[in-house]
Every structure is written in C-alpha cells, then in structure tokens.
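Reviewing the structure listed below.
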Amino acid sequence: MAVWIQAQQLQGDALHQMQSLYGQHFPIEVRHYLSQWIEGQLWDAVDLENPQEEFKAKRLLDSLIQELQNKAEHQVGEDGFLLRIKLGHYASQLKSTYDRCPLELVRCIKHILYTEQRLVREATNSSSPVGGMMDSMSQKYQQINQAFEELRLMTQDTENDLRKLQHNQEYFIIQYQESLRIQAQLTSLATLPPADRQLREPALLSKRNTVEAWLTREANTLQKYRLDLAEKHQKTLQLLRKQQTIILDDELIQWKRRQQLAGNGGPPEGGLDILQSWCEKLAETIWQNRQQIRRAEHLRQQLPIPGPIEELLNELNSTITDIISALVTSTFIIEKQPPQVLKTQTKFAATVRLLVGGKLNVHMNPPQVKATIISEQQAKALLKNENTRNESSGEILNNNCVMEYHQTTGTLSAHFRNMSLKRIKRSDRRGAESVTEEKFTILFESQFSVGGNELVFQVKTLSLPVVVIVHGSQDNNATATVLWDNAFAEPGRVPFLVPDKVLWPQLCDAINLKYKAEVQSNRGLSEENLVFLAQKAFSNSSNNPDDYRNMTMTWSQFNRESLPGRNFTFWQWFDGVMELTKKHLKPHWNDGAILGFVNKQQAQDMLMSKPNGTFLLRFSDSEIGGITIAWRMVWNLMPYTTKDFSIRSLADRISDLNHLLFLYPDRPKDEVFSKYYTPPLCKQPSVCTAKAVDVSSFPFFFPHALPFPLSLSDSMLDTDGDFDLDDTMDVARHVEELLRRPVENQWGGQQS
C-alpha cells in the first residue's frame, strides 16, 4: 500500500504518466480500493512466457475478482450503494476481459506496479533517508501481505482436505453399516435349515471378509488423512503465530511507541486502518482454522479410531485458543490517550478501540468499558496478575461507556467525552519525590464474548502514565515527569520504570522535539543552542559539542536540583523559555531574529566588534521566561516577561528604542521587525509621524545619549548586572503610556 500512497502524491508530468496507466483494461478505482492486496501478491512469480503458468494467473484473477466482490459487499450507506454497484461492475468487466487470457492481467498489473515504483523513486529520490524508509516500509508491508496470501492458500488447502476427509468418513460409515447388515444376515442363518444355510453362507462370508478388509484399509487411510490434516494445521498455526508476532509485537508496539513520542511533540502516530485490516485478517484466518479443528474433532468423535489424533487435536485446539486470546487482548487499545498532566475537577476525554471487534461481531452485544485511575504500584500488581481487590486511587466521574460500531469505518470503539477526576488518593512518596513525580494510569477494562459465547474475554489496557495536579502552578514540573517518561521508557517495562540518568544527546533529542512542538516551529535547537544548554546544565564552559556527547544527566539535575546560584531547575528555566516563545515570540524565533541561547559574556564578545546601535536578543539567565536586549554599549535591559508582552509586544518595544539600529550581525531593525509593529492609533499618518516620541530625548533611558559618561550605582543593576529601569526612572512605562494615548491627548496643546 505504501507505493500507492506515494503514487497519489505525484505531481505534474509524473502524475499524468501514472494516470495514463489506467483505463477500461484496468480501472484506477480497482487499484485504489485493492491497493494493499495488489501490492501483496507475487506477480513476479508468474512466468509470462510459459503457457503452463496460466493456472497461476487464473488463480490470481479469481482472487482479484473475489476481493473486489468482498469489498463491494462491505459498502454501506448512500455512497456505499453506488460504490457497491461500481465495484461489482468492475469485477464482471475484469472477468470478461481476462478470463480467457489471465496471463495478460498479470502482464498489465506488473507493468503498472513497475511504472509506479519508477515514478515514485524518481520523485522521492530513493537514496534519501525518507525514500529509503518508504522503500523499507513498502517491502515490510509486501512481506506481511505475502504471508497472508500464504495463510489463505494453506487454510483453503486444509478446508479441501477436511471436506475430503468428511466425504471419505461418510462413505466409511455407510460401508460399516453394510458390514453390520451382513453380520446380521449371517447371524440369522442359524435359524435356517442346514441345506439353506450351506447354500447362502459362503457368499455372505466372502462378502463380509471383503468389506472388513476394505474397512481395515480405509480406517488406516482415514487415520492417515486425520494425521496429515493435523500436521497441516500445525504448520498453519506456526505461520499464524509468526505473522501475529510481527503485527502485534512489532507493528502495534511501534505504533504505541509513536503515540508515546507524540506526547512529547513527535510526529502523529498515524492511523490504525492498516493495522486493523491486518488484525481482522488474522482474526478471520484464526477463526476459520479454529472452526476446521472443531470439525475435525467432531469427525473423530463421530468415528473414534485408536491413535494419537485425539491428543494432537487437543493440542491444536489449545494452541488456536491461545492465539485468538492473544489477538483479542492485544488489540484492545487506547486510540486517544487521556491527557498525561491531569488536573482534578477538569473535564477530559479518551477513546478505546477493539481492532478485531467488527470482524468477530462483538458489536452484536455491545460491551461496556469502565475507566479507573490506579497508582504505579497497583499497575505493577495488575500486570503480575496479583489480586488488587478492585482498588482504585481516585474517583472518575462519567467513567462508563458502551462501545459503538461505526459501519462506515468498520471500527468498534468507546468515546469517553466527559470524564472528570473528582478526587485522587496519593501514596506515600519516596525520598525527595514530589507530588509532580508521582505517576498514575487510567485502567480501561471490559468483558465480551465471541462465537455465540464460545469464548469469553476479559480485556484490560493501561494508559500512558499520568501525573495528577490540583493547581496550574504544578504544570511545568508535571510536564517534566511526563517528558522524561515518554522519552526514555523502554518497551515491556515494569510500570513505570525509567532510567535515572541518560546520555546528554538523548536528552537533547527529547527537548528539541518538545521545543519544536510547543513553539510550533520547524526551527529547532541548533548545535550552538544545545552547547549553551549543556553549559548551563553541567556548569561547564566548553564550547566543543564533542565534550558533552558522553556526559550523562540525571533526573535530579534535570528537574530536582536548582541550577547553581538560582532558585529554579534546568527544566523550569527551559520550560519558561518555551512558554515565552510560544505565547509572544514565535514569529521572531521563526524569522531567526532571536538568538536566545546566548550567555551574557558571549553576547558582549559578539557585539564588541559591531557598530554602535547593534543589538541582539537573548533569554535571561536570571529569570524564568524572560528575554533581554543586549546592545553595543554593552548593556542588557532588565528581562521582559509574559507580563510585559501582554502590555506591549517585543517588536513595538524595539521600535520604541531609537538607539537600537541593527539586529546582530548587521540587519536594520525595521527590516526585521517593522511588519510586526502596531499601526499608529490615529488616521492622519503625517500627524502621527510628526509627533512620534523620540525616546532618545530621555537621557536616563540611554546613558550613552549623554555628552558625558554616566556611572551606575549598584542599585541600578539587577543581580546579573542587567540595567534595571524600575530602580532608576520609570521612563519606559511613561513612554508606553504616551504611545498608547490618542495623539490629540498627548499633544493637544501643541498641534498647529
């Protein structure tokens, strides 16, 4: 299916070339609706030059038509009605076209697939990482689909053998009844006169001997058929297990991992449609084989023949039950996770889905799903099958939901739309652990039966870890716990163990992912940015990235211990930067106007050789969520925070400061920021321009505007030596107030 997905993204001439491959000889709709099946077939295994290969081609044609008819039958609704007619027409059309020459169908499809692959390869450049990944994915999908085709053929083969066995057994029973009738006739001869008995007995004895000899041979034959059938079922179940392992332990686990990383800002985990189609094929194949094994057991009970078959059938039945149990329990999944930072008394949502629900007709008696919040210790006990006595760690309102079947999509799911955590029961914390490090999980559980109550399943699934908070001030620390867990959790872990320390490059990947997602920017953290962060995290002055590659960072360093000389942690500082950038600085970050991750000494060194009026923007070291302006003289303004930008934007503040001329290294500031300036408040541009405030007229705001140097007292500097406007004159606020007033009020007595 991956090839078709890429083919649909072709443009221009390549798209026209792709479209020209289709027509009445092979409609593009057939390619679209059967894309996964078409790409999974062994078209190259058919030798087009060998007429004896026609039977293979005929089998592929028949399968194609059957797949089209199946697809047509599953269409529902008004749109589905029209599509059902169209697909049925295409099935008849293809049968009419290729029934006498099936090799031509194979030739046609091979040409289509080859051309599509060539066009996609040329468009995506398969040597690139993305192209190589798509090729690998396409190859994996093809292997899975080929295995399904092999399973289909094996299941069809055992079905044919089972029918043959049933037919032979029925004939055997008829002959056995005949032998009983002959025996009854021989017994009745005892009542006849000796002469009549001697006359009729030899023929009956001969006939009885012939029938019994046949029965003996046929009994051995039936036993061999049964053993052969059991061996074939063993091989089918081995392949089924292997295929199920690939889908559940590889593909589904990878989807869950992508879902977890998406919680840190990674790309979306992707839809479940392909996974569901695979799981449904597994369910269908497993159920067919289970029914065959049950029928074989029925035949054995109907005609017991001494031998090992009874034990073999018991093993097969046990194995197939284990396989379907694993499939059902593993495909009860959380499609939409609850929020991982969960505030009490706040509405939240989640969606659970059973990937095989539609195929196993679970919706005929819709099951109810219950949601419960449990602690990390309770989750551990649950996975060990220890009795937790239905304990919970809190109370969730609206925590029951009935699974609904959606015919158009074929999905069975439960949508919890209005859950709310009413209260939480916390456990005793360990050591320095805070409430925002305590992990809980939402347990979703249900019970349902399949096959007319033949099998009853109790299914459970755990959400990703959630951290419960009661106040918004706890959000950033709770987010740190979630970030660390999502980034460094290993598959199959004991809930919810994570390493206490990780390599610095691993953490860089995690925070870069989070930063881009939070700021909603393609501009992530550069190597220089990450070196700055390493210097801050490790109190190290090295500018060489290689010096940090083998260094490890502990959870305590990340968000438990304060940075040297500060009252906040590394994460709290970084989270403040993200919040500030997300809310107020996103366009400037995307434009590259904010260097941001530069310390004071670096800023001074960078500006020293630049002309007066050159400035740069750097995140404050001393305040969470602050950004400061460093300029050539070389001073640093007191950091601006969210509170300041809610009054006046960064661009307008830079516009106000006339002594700021060039954004580092040499870009005129208006060229960078003018598109973000707030338009003048009056409708007479000439008046506004004429009466604009020249902040250079305020000597206390820019000391270098004075004809003599101004010495600064310690009270005028903040703890980092930043210039503190608040402690000198509140000129900035006065300027802002003037700028926000209508012009006539500001200059009313002076207008001419």
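A note on labels: chains of the structure tokens are A, B, ... as shown, every chain counts residues from 1, and ligands are counted from 1 in their shown order.
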For Glu73 in chain A, find every residue with an atom within 12 Å (counting only C-alpha atoms), except residues of its own chain fewer than 4 positions away, and show them as JSON, numbers by chain. {"A": [66, 67, 68, 69, 77, 80, 81, 82, 83, 84, 85, 86, 87, 88]}
Generate a file of the selected residues that holds N, CA, C and O atoms, formatted as a PDB file, in the first residue's frame.
ATOM      1  N   GLN A  66     -12.669 -11.992  -6.479  1.00  0.00           N
ATOM      2  CA  GLN A  66     -13.259 -12.275  -5.176  1.00  0.00           C
ATOM      3  C   GLN A  66     -13.039 -11.108  -4.211  1.00  0.00           C
ATOM      4  O   GLN A  66     -13.942 -10.717  -3.466  1.00  0.00           O
ATOM      5  N   GLU A  67     -11.822 -10.549  -4.238  1.00  0.00           N
ATOM      6  CA  GLU A  67     -11.529  -9.401  -3.373  1.00  0.00           C
ATOM      7  C   GLU A  67     -12.422  -8.203  -3.729  1.00  0.00           C
ATOM      8  O   GLU A  67     -12.919  -7.498  -2.844  1.00  0.00           O
ATOM      9  N   LEU A  68     -12.628  -7.972  -5.015  1.00  0.00           N
ATOM     10  CA  LEU A  68     -13.498  -6.877  -5.445  1.00  0.00           C
ATOM     11  C   LEU A  68     -14.926  -7.093  -4.968  1.00  0.00           C
ATOM     12  O   LEU A  68     -15.591  -6.168  -4.479  1.00  0.00           O
ATOM     13  N   GLN A  69     -15.411  -8.325  -5.111  1.00  0.00           N
ATOM     14  CA  GLN A  69     -16.769  -8.635  -4.673  1.00  0.00           C
ATOM     15  C   GLN A  69     -16.908  -8.485  -3.161  1.00  0.00           C
ATOM     16  O   GLN A  69     -17.922  -7.969  -2.673  1.00  0.00           O
ATOM     17  N   GLY A  77     -24.559   2.455   3.274  1.00  0.00           N
ATOM     18  CA  GLY A  77     -24.966   3.846   3.158  1.00  0.00           C
ATOM     19  C   GLY A  77     -25.234   4.244   1.724  1.00  0.00           C
ATOM     20  O   GLY A  77     -25.104   3.446   0.779  1.00  0.00           O
ATOM     21  N   GLY A  80     -22.106   4.195  -0.294  1.00  0.00           N
ATOM     22  CA  GLY A  80     -21.709   2.797  -0.415  1.00  0.00           C
ATOM     23  C   GLY A  80     -22.527   2.051  -1.445  1.00  0.00           C
ATOM     24  O   GLY A  80     -22.026   1.137  -2.114  1.00  0.00           O
ATOM     25  N   PHE A  81     -23.798   2.424  -1.612  1.00  0.00           N
ATOM     26  CA  PHE A  81     -24.660   1.763  -2.599  1.00  0.00           C
ATOM     27  C   PHE A  81     -24.100   1.945  -4.004  1.00  0.00           C
ATOM     28  O   PHE A  81     -23.983   0.998  -4.786  1.00  0.00           O
ATOM     29  N   LEU A  82     -23.748   3.199  -4.333  1.00  0.00           N
ATOM     30  CA  LEU A  82     -23.200   3.472  -5.664  1.00  0.00           C
ATOM     31  C   LEU A  82     -21.858   2.777  -5.864  1.00  0.00           C
ATOM     32  O   LEU A  82     -21.581   2.230  -6.936  1.00  0.00           O
ATOM     33  N   LEU A  83     -21.016   2.795  -4.821  1.00  0.00           N
ATOM     34  CA  LEU A  83     -19.703   2.161  -4.925  1.00  0.00           C
ATOM     35  C   LEU A  83     -19.849   0.653  -5.071  1.00  0.00           C
ATOM     36  O   LEU A  83     -19.082   0.016  -5.805  1.00  0.00           O
ATOM     37  N   ARG A  84     -20.838   0.074  -4.379  1.00  0.00           N
ATOM     38  CA  ARG A  84     -21.060  -1.365  -4.483  1.00  0.00           C
ATOM     39  C   ARG A  84     -21.407  -1.754  -5.923  1.00  0.00           C
ATOM     40  O   ARG A  84     -20.906  -2.748  -6.449  1.00  0.00           O
ATOM     41  N   ILE A  85     -22.246  -0.952  -6.553  1.00  0.00           N
ATOM     42  CA  ILE A  85     -22.615  -1.225  -7.952  1.00  0.00           C
ATOM     43  C   ILE A  85     -21.398  -1.095  -8.861  1.00  0.00           C
ATOM     44  O   ILE A  85     -21.136  -1.931  -9.731  1.00  0.00           O
ATOM     45  N   LYS A  86     -20.608  -0.030  -8.623  1.00  0.00           N
ATOM     46  CA  LYS A  86     -19.442   0.225  -9.481  1.00  0.00           C
ATOM     47  C   LYS A  86     -18.402  -0.892  -9.349  1.00  0.00           C
ATOM     48  O   LYS A  86     -17.888  -1.395 -10.360  1.00  0.00           O
ATOM     49  N   LEU A  87     -18.095  -1.297  -8.099  1.00  0.00           N
ATOM     50  CA  LEU A  87     -17.090  -2.350  -7.902  1.00  0.00           C
ATOM     51  C   LEU A  87     -17.579  -3.685  -8.453  1.00  0.00           C
ATOM     52  O   LEU A  87     -16.797  -4.469  -8.998  1.00  0.00           O
ATOM     53  N   GLY A  88     -18.886  -3.953  -8.323  1.00  0.00           N
ATOM     54  CA  GLY A  88     -19.442  -5.179  -8.902  1.00  0.00           C
ATOM     55  C   GLY A  88     -19.320  -5.184 -10.414  1.00  0.00           C
ATOM     56  O   GLY A  88     -19.024  -6.223 -11.027  1.00  0.00           O
TER      57      GLY A  88
END
Shell of 10 Å around range 562-565 of chain A, only C-alpha atoms, local chain residues under 3 positions omitted, as a CSV table (one decimal) with N, CA and C atoms, in the first residue's frame:
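Contents of around.csv, as written:
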chain,number,residue,atom,x,y,z
A,536,LYS,N,24.9,25.3,30.6
A,536,LYS,CA,24.0,25.6,31.8
A,536,LYS,C,23.7,24.4,32.6
A,537,ALA,N,23.5,23.3,32.0
A,537,ALA,CA,23.1,22.1,32.7
A,537,ALA,C,24.3,21.5,33.6
A,538,PHE,N,25.5,21.6,33.0
A,538,PHE,CA,26.7,21.0,33.7
A,538,PHE,C,27.6,22.0,34.3
A,539,SER,N,27.2,23.3,34.2
A,539,SER,CA,28.1,24.4,34.7
A,539,SER,C,29.5,24.2,34.1
A,556,SER,N,17.6,14.2,38.7
A,556,SER,CA,17.8,15.2,39.8
A,556,SER,C,18.4,16.5,39.1
A,557,GLN,N,19.4,16.4,38.3
A,557,GLN,CA,19.9,17.5,37.6
A,557,GLN,C,18.9,18.2,36.7
A,558,PHE,N,18.0,17.4,36.1
A,558,PHE,CA,17.1,17.9,35.1
A,558,PHE,C,16.0,18.7,35.8
A,559,ASN,N,15.4,18.1,36.9
A,559,ASN,CA,14.3,18.9,37.5
A,559,ASN,C,14.1,18.6,39.0
A,568,PHE,N,15.8,27.9,40.7
A,568,PHE,CA,15.0,27.1,39.7
A,568,PHE,C,15.8,26.1,39.1
A,569,THR,N,15.2,25.0,38.5
A,569,THR,CA,15.9,23.9,37.9
A,569,THR,C,16.2,24.2,36.5
A,570,PHE,N,17.0,23.3,35.9
A,570,PHE,CA,17.3,23.4,34.4
A,570,PHE,C,16.0,23.3,33.6
A,571,TRP,N,15.1,22.4,33.9
A,571,TRP,CA,13.8,22.2,33.2
A,571,TRP,C,13.0,23.4,33.4
A,572,GLN,N,12.8,23.9,34.6
A,572,GLN,CA,12.0,25.1,34.8
A,572,GLN,C,12.4,26.3,34.0
A,573,TRP,N,13.8,26.5,33.9
A,573,TRP,CA,14.3,27.6,33.1
A,573,TRP,C,13.9,27.3,31.6
A,622,SER,N,18.7,34.9,34.6
A,622,SER,CA,18.4,35.1,36.0
A,622,SER,C,16.9,35.0,36.2
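Using only C-alpha atoms, the contacts of range 314-324 of chain A at a cut-off of 8 Å, with sequence neighbours closer than 5 positions omitted, comprise Ala230, His233, Gln234, Leu237, Arg241, Ala283, Ile286, Trp287, Asn289, Arg290, Ile293 and Arg294 of chain A.
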Could you pull the residues within 8 Å of range 580-587 of chain A, counting only C-alpha atoms, minus those fewer than 2 positions along the same chain, as a count of residues only? 17
Determine, counting only C-alpha atoms, which protein, DNA and RNA residues have an atom within 8 Å of an atom of Leu483 in chain A; residues of the same chain fewer than 4 positions away are not included. Present the result as a ChimeraX atom specification. /A:263-264,479,487,510
Residues near Ser63 in chain A, anyone? I mean within 12 Å using only C-alpha atoms, not counting same-chain ones fewer than 2 positions away, as a list in words. Leu34, Trp37, Ile38, Gln41, Lys56, Ala57, Lys58, Arg59, Leu60, Leu61, Ile65, Gln66, Glu67, Leu68, Gln69, Asn70, Ala91, Leu94, Lys95, Pro102, Glu149, Arg152 and Leu153 of chain A
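Near Trp631 in chain A, within 10 Å and counting only C-alpha atoms, sit Ala603, Gln604, Met606, Leu607, Met608, Lys610, Pro611, Asn612, Gly613, Thr614, Phe615, Leu616, Leu617, Thr628, Ile629, Met633, Val634, Trp635, Asn636, Leu637, His659, Leu660, Leu661, Phe662, Leu663 and Tyr664 of chain A, not including residues fewer than 2 positions from it in the same chain.
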Give the strand (DSSP E) residues of range 320-564 of chain A, as DSSP finds them on the backbone, and put them as a PyMOL selection string. chain A and resi 332-336+341-343+347-354+368-375+394-397+400-402+404-406+411-424+440-450+455-462+467-469+501-503+552-554
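Nearest to Lys110 in chain A of all the residues A:Leu252, A:Ile173, A:Leu21, A:Leu199 is A:Leu21, based on only C-alpha atoms.
Considering only C-alpha atoms, the residue among A:Ala45, A:Ile624, A:Val531, A:Leu10 positioned nearest to Glu122 in chain A is A:Leu10.
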